[in-house]
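J.: Quick one, structure_3.pdb (PDB, C-alpha atoms, pLDDT in the B column):
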ATOM      1  CA  MET A  20       7.593   4.741  13.403  1.00 93.00           C
ATOM      2  CA  LYS A  21       5.711   1.734  12.086  1.00 98.00           C
ATOM      3  CA  ILE A  22       4.886   0.866   8.493  1.00 98.00           C
ATOM      4  CA  LYS A  23       1.897  -1.422   8.028  1.00 98.00           C
ATOM      5  CA  ILE A  24       1.014  -2.789   4.604  1.00 98.00           C
ATOM      6  CA  VAL A  25      -2.440  -4.322   4.289  1.00 98.00           C
ATOM      7  CA  THR A  26      -3.062  -6.272   1.101  1.00 97.00           C
ATOM      8  CA  VAL A  27      -5.827  -8.420  -0.332  1.00 96.00           C
ATOM      9  CA  GLY A  28      -4.713 -11.742  -1.768  1.00 93.00           C
ATOM     10  CA  LYS A  29      -1.886 -14.145  -1.191  1.00 92.00           C
ATOM     11  CA  LEU A  30       1.569 -13.610  -2.653  1.00 92.00           C
ATOM     12  CA  LYS A  31       2.825 -16.773  -4.348  1.00 91.00           C
ATOM     13  CA  GLU A  32       5.687 -15.734  -6.636  1.00 95.00           C
ATOM     14  CA  LYS A  33       9.118 -16.307  -5.083  1.00 97.00           C
ATOM     15  CA  TYR A  34      10.806 -13.483  -6.992  1.00 97.00           C
ATOM     16  CA  LEU A  35       8.263 -11.001  -5.626  1.00 97.00           C
ATOM     17  CA  LYS A  36       8.574 -12.388  -2.091  1.00 97.00           C
ATOM     18  CA  ASP A  37      12.367 -12.050  -2.325  1.00 98.00           C
ATOM     19  CA  GLY A  38      12.203  -8.455  -3.542  1.00 97.00           C
ATOM     20  CA  ILE A  39       9.664  -7.466  -0.904  1.00 97.00           C
ATOM     21  CA  ALA A  40      11.753  -9.126   1.810  1.00 97.00           C
ATOM     22  CA  GLU A  41      14.853  -7.213   0.662  1.00 98.00           C
ATOM     23  CA  TYR A  42      13.151  -3.811   0.721  1.00 98.00           C
ATOM     24  CA  SER A  43      11.354  -4.592   3.991  1.00 97.00           C
ATOM     25  CA  LYS A  44      14.752  -5.334   5.529  1.00 98.00           C
ATOM     26  CA  ARG A  45      16.075  -2.018   4.207  1.00 97.00           C
ATOM     27  CA  ILE A  46      13.036  -0.137   5.551  1.00 98.00           C
ATOM     28  CA  SER A  47      13.565  -1.732   8.985  1.00 97.00           C
ATOM     29  CA  ARG A  48      16.544   0.638   9.470  1.00 96.00           C
ATOM     30  CA  PHE A  49      13.975   3.442   9.630  1.00 96.00           C
ATOM     31  CA  ALA A  50      10.748   1.822  10.835  1.00 97.00           C
ATOM     32  CA  ALA A  51       9.217  -1.465  11.913  1.00 98.00           C
ATOM     33  CA  VAL A  52       7.429  -3.193   9.028  1.00 98.00           C
ATOM     34  CA  GLU A  53       4.281  -5.298   9.318  1.00 98.00           C
ATOM     35  CA  MET A  54       2.726  -7.081   6.353  1.00 97.00           C
ATOM     36  CA  ILE A  55      -0.905  -8.177   6.621  1.00 97.00           C
ATOM     37  CA  GLU A  56      -2.310 -10.412   3.888  1.00 96.00           C
ATOM     38  CA  LEU A  57      -6.077 -10.747   3.811  1.00 97.00           C
ATOM     39  CA  ALA A  58      -8.142 -13.339   1.974  1.00 92.00           C
ATOM     40  CA  ASP A  59      -9.585 -12.295  -1.344  1.00 91.00           C
ATOM     41  CA  GLU A  60     -13.060 -13.237  -2.469  1.00 90.00           C
ATOM     42  CA  LYS A  61     -13.555 -15.381  -5.533  1.00 88.00           C
ATOM     43  CA  THR A  62     -14.915 -13.222  -8.328  1.00 85.00           C
ATOM     44  CA  PRO A  63     -17.119 -15.074 -10.802  1.00 83.00           C
ATOM     45  CA  ASP A  64     -16.483 -14.511 -14.508  1.00 85.00           C
ATOM     46  CA  ARG A  65     -18.825 -11.838 -15.799  1.00 87.00           C
ATOM     47  CA  ALA A  66     -19.919 -10.901 -12.288  1.00 87.00           C
ATOM     48  CA  SER A  67     -22.717  -8.374 -12.072  1.00 92.00           C
ATOM     49  CA  ASP A  68     -22.175  -4.919 -10.608  1.00 91.00           C
ATOM     50  CA  SER A  69     -24.038  -5.966  -7.452  1.00 92.00           C
ATOM     51  CA  GLU A  70     -21.856  -9.080  -7.080  1.00 94.00           C
ATOM     52  CA  ASN A  71     -18.724  -6.956  -7.485  1.00 94.00           C
ATOM     53  CA  GLU A  72     -20.039  -4.455  -4.929  1.00 94.00           C
ATOM     54  CA  LYS A  73     -20.671  -7.262  -2.443  1.00 95.00           C
ATOM     55  CA  ILE A  74     -17.132  -8.590  -2.939  1.00 96.00           C
ATOM     56  CA  LEU A  75     -15.634  -5.103  -2.497  1.00 96.00           C
ATOM     57  CA  ASN A  76     -17.605  -4.615   0.723  1.00 96.00           C
ATOM     58  CA  LEU A  77     -16.532  -7.993   2.155  1.00 96.00           C
ATOM     59  CA  GLU A  78     -12.873  -7.283   1.374  1.00 97.00           C
ATOM     60  CA  GLY A  79     -13.285  -3.688   2.568  1.00 97.00           C
ATOM     61  CA  ASN A  80     -14.607  -4.818   5.955  1.00 97.00           C
ATOM     62  CA  ARG A  81     -11.580  -7.096   6.346  1.00 97.00           C
ATOM     63  CA  ILE A  82      -9.266  -4.217   5.495  1.00 98.00           C
ATOM     64  CA  LEU A  83     -10.947  -1.779   7.880  1.00 98.00           C
ATOM     65  CA  SER A  84     -10.728  -4.305  10.727  1.00 98.00           C
ATOM     66  CA  LYS A  85      -6.914  -4.055  10.457  1.00 98.00           C
ATOM     67  CA  ILE A  86      -6.752  -0.249  10.613  1.00 98.00           C
ATOM     68  CA  GLY A  87      -6.660   1.638  13.896  1.00 96.00           C
ATOM     69  CA  ASP A  88      -8.212   5.025  14.537  1.00 95.00           C
ATOM     70  CA  ARG A  89      -4.881   6.807  14.939  1.00 96.00           C
ATOM     71  CA  GLU A  90      -3.152   5.532  11.802  1.00 98.00           C
ATOM     72  CA  PHE A  91      -2.292   7.583   8.734  1.00 98.00           C
ATOM     73  CA  VAL A  92      -3.832   5.577   5.892  1.00 98.00           C
ATOM     74  CA  VAL A  93      -2.557   5.670   2.323  1.00 98.00           C
ATOM     75  CA  VAL A  94      -4.639   3.755  -0.216  1.00 98.00           C
ATOM     76  CA  LEU A  95      -3.305   2.832  -3.618  1.00 96.00           C
ATOM     77  CA  ALA A  96      -5.980   3.539  -6.192  1.00 94.00           C
ATOM     78  CA  ILE A  97      -5.724   4.220  -9.905  1.00 90.00           C
ATOM     79  CA  GLU A  98      -7.776   7.397  -9.439  1.00 92.00           C
ATOM     80  CA  GLY A  99      -5.486   8.622  -6.639  1.00 96.00           C
ATOM     81  CA  LYS A 100      -3.047  11.499  -6.748  1.00 97.00           C
ATOM     82  CA  ILE A 101       0.080  10.964  -8.840  1.00 97.00           C
ATOM     83  CA  LEU A 102       3.146  12.049  -6.881  1.00 97.00           C
ATOM     84  CA  SER A 103       6.837  12.159  -7.643  1.00 96.00           C
ATOM     85  CA  SER A 104       9.075  10.164  -5.306  1.00 96.00           C
ATOM     86  CA  GLU A 105      10.067  13.425  -3.610  1.00 97.00           C
ATOM     87  CA  GLU A 106       6.419  14.422  -3.116  1.00 98.00           C
ATOM     88  CA  PHE A 107       5.587  10.954  -1.784  1.00 98.00           C
ATOM     89  CA  SER A 108       8.478  11.233   0.670  1.00 97.00           C
ATOM     90  CA  LYS A 109       7.283  14.667   1.803  1.00 98.00           C
ATOM     91  CA  GLN A 110       3.744  13.338   2.414  1.00 98.00           C
ATOM     92  CA  LEU A 111       5.087  10.537   4.629  1.00 97.00           C
ATOM     93  CA  GLU A 112       7.384  12.921   6.467  1.00 97.00           C
ATOM     94  CA  GLN A 113       4.489  15.347   7.054  1.00 98.00           C
ATOM     95  CA  ALA A 114       2.325  12.542   8.471  1.00 98.00           C
ATOM     96  CA  SER A 115       5.089  11.784  10.964  1.00 95.00           C
ATOM     97  CA  ILE A 116       5.461  15.475  11.859  1.00 95.00           C
ATOM     98  CA  ASN A 117       1.683  15.592  12.419  1.00 97.00           C
ATOM     99  CA  GLY A 118       2.031  12.942  15.116  1.00 96.00           C
ATOM    100  CA  TYR A 119       1.142   9.724  13.293  1.00 97.00           C
ATOM    101  CA  SER A 120       3.319   6.865  14.491  1.00 96.00           C
ATOM    102  CA  THR A 121       1.815   4.267  12.135  1.00 98.00           C
ATOM    103  CA  LEU A 122       1.661   4.699   8.376  1.00 98.00           C
ATOM    104  CA  THR A 123      -0.725   2.140   6.905  1.00 98.00           C
ATOM    105  CA  PHE A 124      -0.708   1.390   3.190  1.00 98.00           C
ATOM    106  CA  VAL A 125      -3.589  -0.470   1.578  1.00 98.00           C
ATOM    107  CA  ILE A 126      -3.570  -2.420  -1.692  1.00 97.00           C
ATOM    108  CA  GLY A 127      -6.916  -3.862  -2.690  1.00 95.00           C
ATOM    109  CA  GLY A 128      -7.722  -6.975  -4.650  1.00 92.00           C
ATOM    110  CA  SER A 129      -8.474  -7.380  -8.337  1.00 89.00           C
ATOM    111  CA  LEU A 130     -11.617  -5.219  -8.073  1.00 92.00           C
ATOM    112  CA  GLY A 131      -9.899  -2.430  -6.162  1.00 93.00           C
ATOM    113  CA  LEU A 132     -11.130  -0.923  -2.896  1.00 96.00           C
ATOM    114  CA  SER A 133     -14.553  -0.323  -1.399  1.00 97.00           C
ATOM    115  CA  ASN A 134     -15.819   3.228  -1.002  1.00 96.00           C
ATOM    116  CA  GLU A 135     -15.619   2.847   2.786  1.00 98.00           C
ATOM    117  CA  VAL A 136     -11.884   2.078   2.613  1.00 98.00           C
ATOM    118  CA  LYS A 137     -11.321   5.024   0.270  1.00 98.00           C
ATOM    119  CA  LYS A 138     -13.223   7.304   2.669  1.00 98.00           C
ATOM    120  CA  ARG A 139     -11.007   6.171   5.561  1.00 98.00           C
ATOM    121  CA  ALA A 140      -7.855   7.155   3.673  1.00 98.00           C
ATOM    122  CA  ASN A 141      -5.854  10.202   4.633  1.00 98.00           C
ATOM    123  CA  LEU A 142      -4.204  10.048   1.218  1.00 98.00           C
ATOM    124  CA  SER A 143      -5.081   8.282  -2.032  1.00 98.00           C
ATOM    125  CA  VAL A 144      -2.081   7.664  -4.291  1.00 97.00           C
ATOM    126  CA  SER A 145      -1.719   6.337  -7.807  1.00 96.00           C
ATOM    127  CA  PHE A 146       1.609   5.091  -9.102  1.00 94.00           C
ATOM    128  CA  GLY A 147       0.418   5.841 -12.621  1.00 91.00           C
ATOM    129  CA  ARG A 148      -2.505   5.166 -14.859  1.00 87.00           C
ATOM    130  CA  LEU A 149      -1.238   1.715 -15.826  1.00 85.00           C
ATOM    131  CA  THR A 150      -2.985  -1.239 -14.241  1.00 82.00           C
ATOM    132  CA  LEU A 151      -0.473  -3.429 -12.408  1.00 85.00           C
ATOM    133  CA  PRO A 152      -1.070  -6.789 -10.750  1.00 87.00           C
ATOM    134  CA  HIS A 153      -1.619  -6.117  -7.051  1.00 85.00           C
ATOM    135  CA  GLN A 154       1.154  -8.619  -6.219  1.00 90.00           C
ATOM    136  CA  LEU A 155       3.672  -6.615  -8.260  1.00 94.00           C
ATOM    137  CA  MET A 156       2.327  -3.398  -6.739  1.00 94.00           C
ATOM    138  CA  ARG A 157       3.479  -4.621  -3.319  1.00 96.00           C
ATOM    139  CA  LEU A 158       7.075  -4.711  -4.528  1.00 97.00           C
ATOM    140  CA  VAL A 159       6.791  -1.288  -6.163  1.00 97.00           C
ATOM    141  CA  LEU A 160       5.266   0.114  -2.966  1.00 98.00           C
ATOM    142  CA  VAL A 161       7.947  -1.175  -0.577  1.00 98.00           C
ATOM    143  CA  GLU A 162      10.664   0.118  -2.898  1.00 98.00           C
ATOM    144  CA  GLN A 163       9.028   3.557  -2.944  1.00 98.00           C
ATOM    145  CA  ILE A 164       8.642   3.576   0.851  1.00 98.00           C
ATOM    146  CA  TYR A 165      12.345   2.753   1.168  1.00 98.00           C
ATOM    147  CA  ARG A 166      13.153   5.456  -1.389  1.00 97.00           C
ATOM    148  CA  ALA A 167      11.030   7.949   0.600  1.00 97.00           C
ATOM    149  CA  PHE A 168      13.065   7.294   3.744  1.00 97.00           C
ATOM    150  CA  THR A 169      16.366   7.628   1.866  1.00 97.00           C
ATOM    151  CA  ILE A 170      15.198  10.944   0.390  1.00 97.00           C
ATOM    152  CA  GLN A 171      14.430  12.186   3.919  1.00 96.00           C
ATOM    153  CA  GLN A 172      17.902  11.092   5.031  1.00 94.00           C
ATOM    154  CA  GLY A 173      19.655  12.713   2.072  1.00 94.00           C
ATOM    155  CA  SER A 174      20.989   9.315   0.996  1.00 91.00           C
ATOM    156  CA  PRO A 175      22.541   8.905  -2.463  1.00 87.00           C
ATOM    157  CA  TYR A 176      20.141   5.969  -3.148  1.00 86.00           C
ATOM    158  CA  HIS A 177      17.670   8.400  -4.739  1.00 73.00           C
ATOM    159  CA  LYS A 178      19.287   9.957  -7.784  1.00 73.00           C
TER     160      LYS A 178
END
Would it be possible to restate this file's structure as structure tokens?

T.:
Amino acid sequence: MKIKIVTVGKLKEKYLKDGIAEYSKRISRFAAVEMIELADEKTPDRASDSENEKILNLEGNRILSKIGDREFVVVLAIEGKILSSEEFSKQLEQASINGYSTLTFVIGGSLGLSNEVKKRANLSVSFGRLTLPHQLMRLVLVEQIYRAFTIQQGSPYHK
């Protein structure tokens, strides 16, 4: 099993890097982890809808270039399905049972994700209706992936 996390934007904060590194190490007991950081486009203040659409499409093309045809793709989007940790774990387990060897998670930039990326997704997930910085979302995501594996293993980590 391989976990691939594709994100838009560079992570700068040391505390987030440290947390992500810790959970990535924990996940590595269950699956190989690959982090792919893609460049984000500069968004002008008060950008028009067409400018935002262009930015989303440029970032979306970069994202799609990192996703293979046989990967199970989970996009994080505020309009996605809200799942409990147990339901999230079950979705990942089912993807594996269905023959997917790579689970790819996608976190977009400040504008979100292009429609093409959303269409490519096998599953669209929201971790709540709150808007979180996409850098912080990376840490939340890797913790939840680790939690999903521990749920599948019956570990006491998930209480």

J.: Do you have the CA of Leu155 in chain A-CA of Gly38 in chain A distance handy?

T.: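 Result for CA of Leu155 in chain A versus CA of Gly38 in chain A: 9.9 Å, one decimal.
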
J.: Of the residues A:Lys61, A:Lys29, A:Arg148, A:Arg157, which is the one nearest to Leu130 in chain A, using all atoms listed in the file?

T.: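 The shortest atom-to-atom distance to Leu130 in chain A comes from A:Lys61.
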
J.: Decode the PyMOL selection byres ((chain A and resi 144-146) around 6) for the given file into explicit residues and return them as a CSV table (one decimal) with C-alpha atoms, in the coordinates of the input.

T.:
chain,number,residue,atom,x,y,z
A,95,LEU,CA,-3.3,2.8,-3.6
A,96,ALA,CA,-6.0,3.5,-6.2
A,97,ILE,CA,-5.7,4.2,-9.9
A,99,GLY,CA,-5.5,8.6,-6.6
A,100,LYS,CA,-3.0,11.5,-6.7
A,101,ILE,CA,0.1,11.0,-8.8
A,143,SER,CA,-5.1,8.3,-2.0
A,147,GLY,CA,0.4,5.8,-12.6

J.: Do you know which residues are at most 10 Å from Asn134 in chain A counting only C-alpha atoms, after dropping those on the same chain fewer than 5 positions away, and could you put them as a list in words?

T.: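 In the requested form, the answer reads Glu72, Leu75, Asn76, Gly79 and Arg139 of chain A.
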
J.: Identify, on the basis of only C-alpha atoms, every residue whose closest approach to Gln110 in chain A does not exceed 12 Å; exclude the query and any residue fewer than 4 positions from it along the same chain; express the result as a list of chain:residue names.

T.: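 Using only C-alpha atoms, the neighbours found are A:Phe91, A:Val92, A:Val93, A:Lys100, A:Leu102, A:Ser103, A:Ser104, A:Glu105, A:Glu106, A:Ala114, A:Ser115, A:Ile116, A:Asn117, A:Tyr119, A:Leu122, A:Asn141, A:Leu142, A:Ser143, A:Val144, A:Ile164, A:Ala167, A:Phe168, A:Ile170, A:Gln171.
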
J.: Got a sec to resolve the PyMOL selection byres ((chain A and resi 165) around 12) on this structure and send the residues as number ranges by chain?

T.: A: 22, 39-52, 104-105, 107-108, 111, 158-164, 166-172, 174, 176-177

J.: In Å, rounded to a single decimal, give me how far CA of Leu30 in chain A is from CA of Lys138 in chain A.

T.: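 The value is 26.2 Å.
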
J.: Please, what distance in Å, to one decimal, runs between CA of Lys21 in chain A and CA of Glu53 in chain A?

T.: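 A separation of 7.7 Å between them.
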
J.: Just the residues within 10 Å of Glu78 in chain A, please, counting only C-alpha atoms, with nothing from its chain fewer than 2 positions along; format it as a list in words.

T.: Thr26, Val27, Gly28, Leu57, Ala58, Asp59, Glu60, Glu72, Lys73, Ile74, Leu75, Asn76, Asn80, Arg81, Ile82, Leu83, Gly127, Gly128, Leu130, Gly131, Leu132, Ser133 and Val136 of chain A

J.: With only C-alpha atoms as the basis for distance, which of A:Ser129, A:Thr121, A:Lys109, A:Arg89 is at the shortest distance from Leu151 in chain A?

T.: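 Among the listed residues, A:Ser129 lies closest to Leu151 in chain A.
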
J.: Kindly reconstruct range 120-148 of chain A with N, CA and C atoms and present the result as a short mmCIF file (atom, residue, chain, number, x, y, z; two decimals), in the frame of the given file.

T.:
data_model
loop_
_atom_site.label_atom_id
_atom_site.label_comp_id
_atom_site.auth_asym_id
_atom_site.auth_seq_id
_atom_site.Cartn_x
_atom_site.Cartn_y
_atom_site.Cartn_z
N SER A 120 2.21 7.79 14.28
CA SER A 120 3.32 6.86 14.49
C SER A 120 3.19 5.61 13.63
N THR A 121 2.02 5.40 13.04
CA THR A 121 1.82 4.27 12.14
C THR A 121 1.32 4.77 10.79
N LEU A 122 2.07 4.41 9.74
CA LEU A 122 1.66 4.70 8.38
C LEU A 122 1.16 3.39 7.79
N THR A 123 -0.10 3.36 7.43
CA THR A 123 -0.72 2.14 6.90
C THR A 123 -1.02 2.32 5.43
N PHE A 124 -0.51 1.39 4.63
CA PHE A 124 -0.71 1.39 3.19
C PHE A 124 -1.65 0.25 2.85
N VAL A 125 -2.58 0.52 1.94
CA VAL A 125 -3.59 -0.47 1.58
C VAL A 125 -3.58 -0.71 0.07
N ILE A 126 -3.46 -2.00 -0.30
CA ILE A 126 -3.57 -2.42 -1.69
C ILE A 126 -4.75 -3.37 -1.76
N GLY A 127 -5.73 -3.03 -2.56
CA GLY A 127 -6.92 -3.86 -2.69
C GLY A 127 -6.70 -5.06 -3.59
N GLY A 128 -7.75 -5.81 -3.79
CA GLY A 128 -7.72 -6.98 -4.65
C GLY A 128 -7.95 -6.60 -6.10
N SER A 129 -8.33 -7.58 -6.89
CA SER A 129 -8.47 -7.38 -8.34
C SER A 129 -9.57 -6.38 -8.69
N LEU A 130 -10.54 -6.19 -7.80
CA LEU A 130 -11.62 -5.22 -8.07
C LEU A 130 -11.32 -3.83 -7.52
N GLY A 131 -10.24 -3.72 -6.75
CA GLY A 131 -9.90 -2.43 -6.16
C GLY A 131 -10.30 -2.35 -4.70
N LEU A 132 -10.79 -1.19 -4.29
CA LEU A 132 -11.13 -0.92 -2.90
C LEU A 132 -12.57 -0.44 -2.77
N SER A 133 -13.20 -0.79 -1.66
CA SER A 133 -14.55 -0.32 -1.40
C SER A 133 -14.54 1.18 -1.12
N ASN A 134 -15.70 1.80 -1.29
CA ASN A 134 -15.82 3.23 -1.00
C ASN A 134 -15.51 3.54 0.45
N GLU A 135 -15.87 2.62 1.37
CA GLU A 135 -15.62 2.85 2.79
C GLU A 135 -14.12 2.91 3.08
N VAL A 136 -13.34 2.05 2.43
CA VAL A 136 -11.88 2.08 2.61
C VAL A 136 -11.33 3.38 2.04
N LYS A 137 -11.80 3.77 0.88
CA LYS A 137 -11.32 5.02 0.27
C LYS A 137 -11.66 6.22 1.14
N LYS A 138 -12.83 6.19 1.78
CA LYS A 138 -13.22 7.30 2.67
C LYS A 138 -12.34 7.37 3.91
N ARG A 139 -11.86 6.22 4.37
CA ARG A 139 -11.01 6.17 5.56
C ARG A 139 -9.60 6.72 5.30
N ALA A 140 -9.21 6.76 4.04
CA ALA A 140 -7.86 7.16 3.67
C ALA A 140 -7.57 8.61 4.00
N ASN A 141 -6.36 8.85 4.48
CA ASN A 141 -5.85 10.20 4.63
C ASN A 141 -5.27 10.69 3.31
N LEU A 142 -4.83 9.73 2.49
CA LEU A 142 -4.20 10.05 1.22
C LEU A 142 -4.48 8.91 0.24
N SER A 143 -4.88 9.26 -0.97
CA SER A 143 -5.08 8.28 -2.03
C SER A 143 -4.02 8.55 -3.10
N VAL A 144 -3.22 7.51 -3.39
CA VAL A 144 -2.08 7.66 -4.29
C VAL A 144 -2.21 6.70 -5.46
N SER A 145 -1.82 7.18 -6.63
CA SER A 145 -1.72 6.34 -7.81
C SER A 145 -0.27 6.34 -8.24
N PHE A 146 0.25 5.18 -8.58
CA PHE A 146 1.61 5.09 -9.10
C PHE A 146 1.59 5.11 -10.62
N GLY A 147 0.54 5.70 -11.17
CA GLY A 147 0.42 5.84 -12.62
C GLY A 147 -0.91 5.30 -13.10
N ARG A 148 -1.22 5.58 -14.30
CA ARG A 148 -2.50 5.17 -14.86
C ARG A 148 -2.49 3.75 -15.41
#
